[in-house]
Each structure stands twice: as C-alpha cells, then as structure tokens.
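Before any comments, here is the structure.
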Amino acid sequence: MIVIEQATLYYKQGSADKVYRVTLQEVVHDTFQTIIEYGRRGKPLRRQVAYEGDSFDTAMKTFRKKVHAKQLKGYSEDELAEVSQTLATDFPTTGYFPQLATVVALDELPDMIRGWNRQVHLQTKHDGERRIVSISPEGEVAASNRRGLGVAISPRVEAELQGINKLIGGFTIDCEDMGDQLIIFDVLSWQGNDICHKPFAERMLHIMCGLIYDYGDPGHEDDPLLIDPGSIANSEQGILAFASYARHNNEEGIILRDPNAEYTVGRPNSGGTLRKYKFVESATVVVGEINTHARSVKVFVRGDEIKDESYPSWEGHEMGNVTIPPNYDVPNVGDLVEAEYLYAYPDGGKLYEPQYKGVREDIELPDEYKSLKFKK
C-alpha cells in the first residue's frame, strides 16, 4: 500500500475541536482508494472509503473535492487556528456569527409570553439564506453565512449599502439574502460601534431611524434593501393572528423575539430569547445512498448522542428516500441537504412527503432524530 497524497485539516470553534484527514493511496497495482478519517481531536477517528477503483483521476478528483469542501466550511491545516481566522474563501468575513432560533410549539406560547413580560416581537421567517453583512466607514462590504464563511452578495445590494453608508458611517446587519435583495431583521453594530449588548428593540431603532428618516423609507417590495420591522404582540391570540396572516401570504413561518434581549451567538439547548414557529417542517439530512433506479437519494439524520463531530450516514437514522427535481443536480453521498416534510413517522419511520430544497453548504451536521416533528 503506497500513500500518494494526504491532507489533515482541523476545525476549532467554541467546544468543537475536530480533525479531518483525507488519504489517496494505491492499494495494489492500478487500484486506488480515497480514504476519509474524521472525528473529535484526541479520540479514535472514524473511517470511510470515499472511492475505490482503477481510476487514478477519479481518486484524485475525490481527494481534492473532499479537501476543498471542508476548507469552505472553515477547516484549516493550522491546528491552532480558530474558524474565524481561517475561513478558506476569497471573500472577506464580518467576524460575526449569527444568533440562531429554537423551535417553539403552540402549547409553549403561554409560558414563553409570561417569561418575556408579555412582550413578544414578531417578524416573518423568510425563505432565503442567512447573512450577516458589514460595511466599514470607508465603504468596504463583507458578508458572512451562518457558519461565518465569507460569501458574495449581489452587486446591486452592495451598491445600495455603499450609498446608505455615506450617511451612517459603518454598520452591521443581520438579514436574509433573497438573491438581489437583503431583508434586514436585526442590527449588530452602528456607526462603527458594537451594539449587540443593547436590547433588540433599541437595536432596531438604529436601522429604522437611520434608513427611514435619514435615507428614505423601509424599502419597497423590489428594493435592494428591505427592513422587516415586525410588530409587538401581548398575548397568544396576537401571535396566532400574526401567524395566520403570514401563513395566508405563503410565508415559511414566523420569528418570535424577546424585545428586551441582547444579541447572543449560537442556539441554546432549549428556550432562549429567539424562537421560530414554522408552518412547514424542514430538516437538514445527510445523503447516505444514491438510488440508481430512480432520481432520488436515501437520507439520514444523526443519532441524538452525536453532538459536534462528523460521522458516516449509516450511524444515523434512515429517513427514507427524497426525490430530486429535474431543476436540481443530484447531490453526492455525504452531502448535507434540506428537505421539507409534513411529519415523520415515529419509532424509526420515514419522512412523509419530503420535498428536496437543495444542498446546505453552511451547516456542518444534519439534524438530530429527536428534533423532527413526528406524527401523533
């Protein structure tokens, strides 16, 4: 057995401390393997054969693709570096990571409202890609996805940001990227000053006053920047009325915020000051097998005991097959993809009526089995 090429990458962020090794080797004459080993640093690594066959070109292509995919997620050859220091893209990053919402059920609303002093700030949950966007006083724009990776934004949006910045002098917004439009729903810095420690209601006043009174208005439906100011509810009935209106407009769901809470990065294990109530369920799943007889893939979610490291799909829970629409490319084994569904059957059942929504490049792990919505 001859090792032809090997790459060892590291991922360090918060409590996550992982290693990922890819090896291209010749097993016997003209038989090649691309091997993946991965897991938590200092622990035994799991092993997976990504390719085995007589094509050196395919083995090398697999090797490079696996390495590149991990680098895009923040993995680095520098074993001491934090993810925010080593994001391997050609785009600048903001240095911010997003606050993530936990799911709230209808029967949890009364307790949540009482805990938030009967004040809930409601916004629409938009079906785009999460972005944090910063612009310096000098007009330099940086955008990050939910994993902190630097990404590109629309030139149309960037030009609009630079025009606004001449009046404000540097700011950072949390928003949803809809393609040629950003929908703004939070503010993290203003005029060069970090304001994450301020209450949400106060943070939003900056963007509302800065963009409406100084620059014009919160935006028309087709403008490059659109503010989602939301509204305040003081009761469960007020929340349900807002949700009914959003559902009528075919929105994905609603976001519920404690208006007095500061901006905290990440998602708590439960509760928290940022919640989401979704009308359509969705799950991030991992592709474990491509069905050759049909344009579909077999998908898995992870076991509840696996918290912060990659793992092979067969160690998770199989959730059935997902059909790939003709306007999407068929994903690869090991890809994380998004699937909408009505519910999951309990006791090891499958997703009911799953619909494929594309590959997720901004997420490291599939969802936990216990996080799914099960048929009662």
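Following the order of the structure tokens, chains are lettered A, B, ..., residues in each are numbered from 1, and ligands are numbered from 1.
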Could you pull out the residues in region 196-375 of chain A that DSSP calls helix (DSSP H, G or I) from the backbone, as JSON, numbers by chain? {"A": [200, 201, 202, 203, 204, 205, 206, 207, 208, 209, 210, 211, 212, 213, 236, 237, 238, 239, 240, 241, 242, 243, 244, 245, 246, 247, 248, 313, 314, 315, 369, 370, 371]}
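Look at Asn145 (chain A): the protein and nucleic acid residues within 10 Å of it, using only C-alpha atoms and passing over chain neighbours fewer than 3 places away, are A:Thr93, A:Thr94, A:Tyr96, A:Phe97, A:Pro98, A:Glu129, A:Arg130, A:Arg131, A:Ile132, A:Val133, A:Gly148, A:Leu149, A:Gly150, A:Val151, A:Ala152, A:Glu176, A:Asp177, A:Glu361, A:Asp362, A:Ile363.
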Filtering to N, CA, C and O atoms, could you give me those residues as a PDB file, in the first residue's frame?
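Written file, out_30.pdb:
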ATOM      1  N   THR A  93     -14.727  38.320   5.661  1.00  0.00           N
ATOM      2  CA  THR A  93     -15.768  37.933   6.599  1.00  0.00           C
ATOM      3  C   THR A  93     -16.056  39.091   7.546  1.00  0.00           C
ATOM      4  O   THR A  93     -15.279  40.029   7.675  1.00  0.00           O
ATOM      5  N   THR A  94     -17.172  39.000   8.234  1.00  0.00           N
ATOM      6  CA  THR A  94     -17.597  40.079   9.119  1.00  0.00           C
ATOM      7  C   THR A  94     -17.037  39.930  10.530  1.00  0.00           C
ATOM      8  O   THR A  94     -17.000  40.895  11.285  1.00  0.00           O
ATOM      9  N   TYR A  96     -18.592  38.158  12.697  1.00  0.00           N
ATOM     10  CA  TYR A  96     -19.777  37.852  13.500  1.00  0.00           C
ATOM     11  C   TYR A  96     -20.324  36.466  13.147  1.00  0.00           C
ATOM     12  O   TYR A  96     -20.271  36.051  11.986  1.00  0.00           O
ATOM     13  N   PHE A  97     -20.869  35.785  14.170  1.00  0.00           N
ATOM     14  CA  PHE A  97     -21.632  34.566  13.955  1.00  0.00           C
ATOM     15  C   PHE A  97     -23.071  34.839  14.382  1.00  0.00           C
ATOM     16  O   PHE A  97     -23.318  35.620  15.304  1.00  0.00           O
ATOM     17  N   PRO A  98     -24.049  34.206  13.742  1.00  0.00           N
ATOM     18  CA  PRO A  98     -25.444  34.582  13.985  1.00  0.00           C
ATOM     19  C   PRO A  98     -26.042  33.989  15.260  1.00  0.00           C
ATOM     20  O   PRO A  98     -25.598  32.955  15.764  1.00  0.00           O
ATOM     21  N   GLU A 129     -31.292  32.825   2.411  1.00  0.00           N
ATOM     22  CA  GLU A 129     -30.088  32.350   3.073  1.00  0.00           C
ATOM     23  C   GLU A 129     -29.638  33.379   4.098  1.00  0.00           C
ATOM     24  O   GLU A 129     -29.577  34.570   3.811  1.00  0.00           O
ATOM     25  N   ARG A 130     -29.302  32.894   5.268  1.00  0.00           N
ATOM     26  CA  ARG A 130     -28.921  33.779   6.377  1.00  0.00           C
ATOM     27  C   ARG A 130     -27.622  34.509   6.047  1.00  0.00           C
ATOM     28  O   ARG A 130     -26.651  33.908   5.582  1.00  0.00           O
ATOM     29  N   ARG A 131     -27.594  35.799   6.309  1.00  0.00           N
ATOM     30  CA  ARG A 131     -26.410  36.617   6.062  1.00  0.00           C
ATOM     31  C   ARG A 131     -26.213  37.611   7.208  1.00  0.00           C
ATOM     32  O   ARG A 131     -27.172  38.179   7.729  1.00  0.00           O
ATOM     33  N   ILE A 132     -24.961  37.798   7.577  1.00  0.00           N
ATOM     34  CA  ILE A 132     -24.563  38.956   8.359  1.00  0.00           C
ATOM     35  C   ILE A 132     -23.695  39.802   7.441  1.00  0.00           C
ATOM     36  O   ILE A 132     -22.741  39.298   6.838  1.00  0.00           O
ATOM     37  N   VAL A 133     -24.038  41.065   7.300  1.00  0.00           N
ATOM     38  CA  VAL A 133     -23.369  41.950   6.340  1.00  0.00           C
ATOM     39  C   VAL A 133     -22.840  43.170   7.077  1.00  0.00           C
ATOM     40  O   VAL A 133     -23.579  43.829   7.825  1.00  0.00           O
ATOM     41  N   GLY A 148     -20.114  31.676   9.398  1.00  0.00           N
ATOM     42  CA  GLY A 148     -19.058  32.669   9.464  1.00  0.00           C
ATOM     43  C   GLY A 148     -18.186  32.723   8.235  1.00  0.00           C
ATOM     44  O   GLY A 148     -17.216  33.483   8.195  1.00  0.00           O
ATOM     45  N   LEU A 149     -18.504  31.947   7.203  1.00  0.00           N
ATOM     46  CA  LEU A 149     -17.719  31.941   5.976  1.00  0.00           C
ATOM     47  C   LEU A 149     -18.005  33.181   5.141  1.00  0.00           C
ATOM     48  O   LEU A 149     -19.164  33.579   4.975  1.00  0.00           O
ATOM     49  N   GLY A 150     -16.954  33.777   4.589  1.00  0.00           N
ATOM     50  CA  GLY A 150     -17.137  34.907   3.701  1.00  0.00           C
ATOM     51  C   GLY A 150     -17.817  34.485   2.415  1.00  0.00           C
ATOM     52  O   GLY A 150     -17.455  33.480   1.812  1.00  0.00           O
ATOM     53  N   VAL A 151     -18.830  35.234   1.993  1.00  0.00           N
ATOM     54  CA  VAL A 151     -19.589  34.912   0.791  1.00  0.00           C
ATOM     55  C   VAL A 151     -19.815  36.183  -0.029  1.00  0.00           C
ATOM     56  O   VAL A 151     -19.644  37.295   0.464  1.00  0.00           O
ATOM     57  N   ALA A 152     -20.208  35.982  -1.267  1.00  0.00           N
ATOM     58  CA  ALA A 152     -20.514  37.118  -2.141  1.00  0.00           C
ATOM     59  C   ALA A 152     -21.965  37.535  -1.964  1.00  0.00           C
ATOM     60  O   ALA A 152     -22.828  36.722  -1.622  1.00  0.00           O
ATOM     61  N   GLU A 176     -31.636  38.305   5.746  1.00  0.00           N
ATOM     62  CA  GLU A 176     -31.883  37.158   4.877  1.00  0.00           C
ATOM     63  C   GLU A 176     -31.579  37.586   3.446  1.00  0.00           C
ATOM     64  O   GLU A 176     -32.071  38.614   2.978  1.00  0.00           O
ATOM     65  N   ASP A 177     -30.753  36.787   2.772  1.00  0.00           N
ATOM     66  CA  ASP A 177     -30.360  37.075   1.395  1.00  0.00           C
ATOM     67  C   ASP A 177     -31.337  36.383   0.458  1.00  0.00           C
ATOM     68  O   ASP A 177     -31.383  35.155   0.379  1.00  0.00           O
ATOM     69  N   GLU A 361     -24.483  24.181   2.229  1.00  0.00           N
ATOM     70  CA  GLU A 361     -23.047  24.347   2.387  1.00  0.00           C
ATOM     71  C   GLU A 361     -22.690  25.060   3.687  1.00  0.00           C
ATOM     72  O   GLU A 361     -21.524  25.122   4.071  1.00  0.00           O
ATOM     73  N   ASP A 362     -23.696  25.608   4.373  1.00  0.00           N
ATOM     74  CA  ASP A 362     -23.440  26.440   5.542  1.00  0.00           C
ATOM     75  C   ASP A 362     -23.693  25.735   6.866  1.00  0.00           C
ATOM     76  O   ASP A 362     -23.700  26.359   7.922  1.00  0.00           O
ATOM     77  N   ILE A 363     -23.906  24.424   6.822  1.00  0.00           N
ATOM     78  CA  ILE A 363     -24.189  23.654   8.028  1.00  0.00           C
ATOM     79  C   ILE A 363     -23.227  22.483   8.095  1.00  0.00           C
ATOM     80  O   ILE A 363     -22.886  21.881   7.068  1.00  0.00           O
TER      81      ILE A 363
END
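The coordinates place CA of Thr62 (chain A) at 21.3 Å from CA of Val285 (chain A).
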Surrounding residues of Ile254 (chain A) excluding itself and chain neighbours under 4 positions, 6 Å, only C-alpha atoms, as JSON, numbers by chain: {"A": [123, 124, 125, 276, 277]}
Show me, as a list of chain:residue names, the residues that have an atom within 7 Å of Thr323 (chain A) when counting only C-alpha atoms, minus same-chain residues fewer than 4 positions from it. A:Arg295, A:Ser296, A:Val297, A:Tyr356
Extract, using only C-alpha atoms, all DNA, RNA and protein residues at most 8 Å from Pro229 (chain A), discarding same-chain residues fewer than 3 positions from it, and format them as a ChimeraX atom specification. /A:123,185,204,208
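Comparing the minimum interatomic distances between Pro325 (chain A) and each of A:Ala105, A:Tyr345, A:Gly358, A:Thr292, counting only C-alpha atoms, we find that A:Gly358 sits nearest.
With only C-alpha atoms as the atoms that count, the minimum distance from Arg147 (chain A) to the choices A:Met319, A:Leu351, A:Ala339, A:Val265 is reached by A:Val265.
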Leaving out Gln25 (chain A) and any residue of its chain fewer than 3 positions from it, which residues lie within 9 Å of it when counting only C-alpha atoms, given as number ranges by chain? A: 1-6, 31-35, 59
Could you pull out the strand (DSSP E) residues of region 45-123 of chain A, going by DSSP on the backbone, and write them as a PyMOL selection string? chain A and resi 46-53+102-103+120-123
Go ahead and dump the residues you just picked, C-alpha atoms, as a CSV table (one decimal), in the first residue's frame.
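The resulting file, again_30.csv, is reproduced below:
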chain,number,residue,atom,x,y,z
A,46,ARG,CA,-14.0,7.0,12.1
A,47,ARG,CA,-13.0,5.7,8.7
A,48,GLN,CA,-14.9,5.8,5.4
A,49,VAL,CA,-13.9,4.8,1.9
A,50,ALA,CA,-14.9,7.6,-0.4
A,51,TYR,CA,-13.6,6.0,-3.6
A,52,GLU,CA,-12.1,2.6,-4.6
A,53,GLY,CA,-11.4,1.6,-8.2
A,102,THR,CA,-35.1,27.4,18.7
A,103,VAL,CA,-38.4,25.9,17.6
A,120,VAL,CA,-43.2,39.4,22.0
A,121,HIS,CA,-41.6,41.0,18.9
A,122,LEU,CA,-42.9,39.2,15.8
A,123,GLN,CA,-41.2,39.0,12.4
Please provide as a VMD selection string all residues within 12 Å of Phe242 (chain A), with the sequence filter that same-chain residues fewer than 3 positions apart are discarded (counting only C-alpha atoms). chain A and resid 120 to 125 230 to 239 245 to 249 251 253 to 256 277
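For the residues A:Tyr343, A:Tyr369, A:Phe279, A:Tyr20, ranking by smallest atom-to-atom distance to Arg302 (chain A) using only C-alpha atoms places A:Tyr369 first.
The spacing separating CA of Ile168 (chain A) from CA of Leu274 (chain A) amounts to 27.5 Å.
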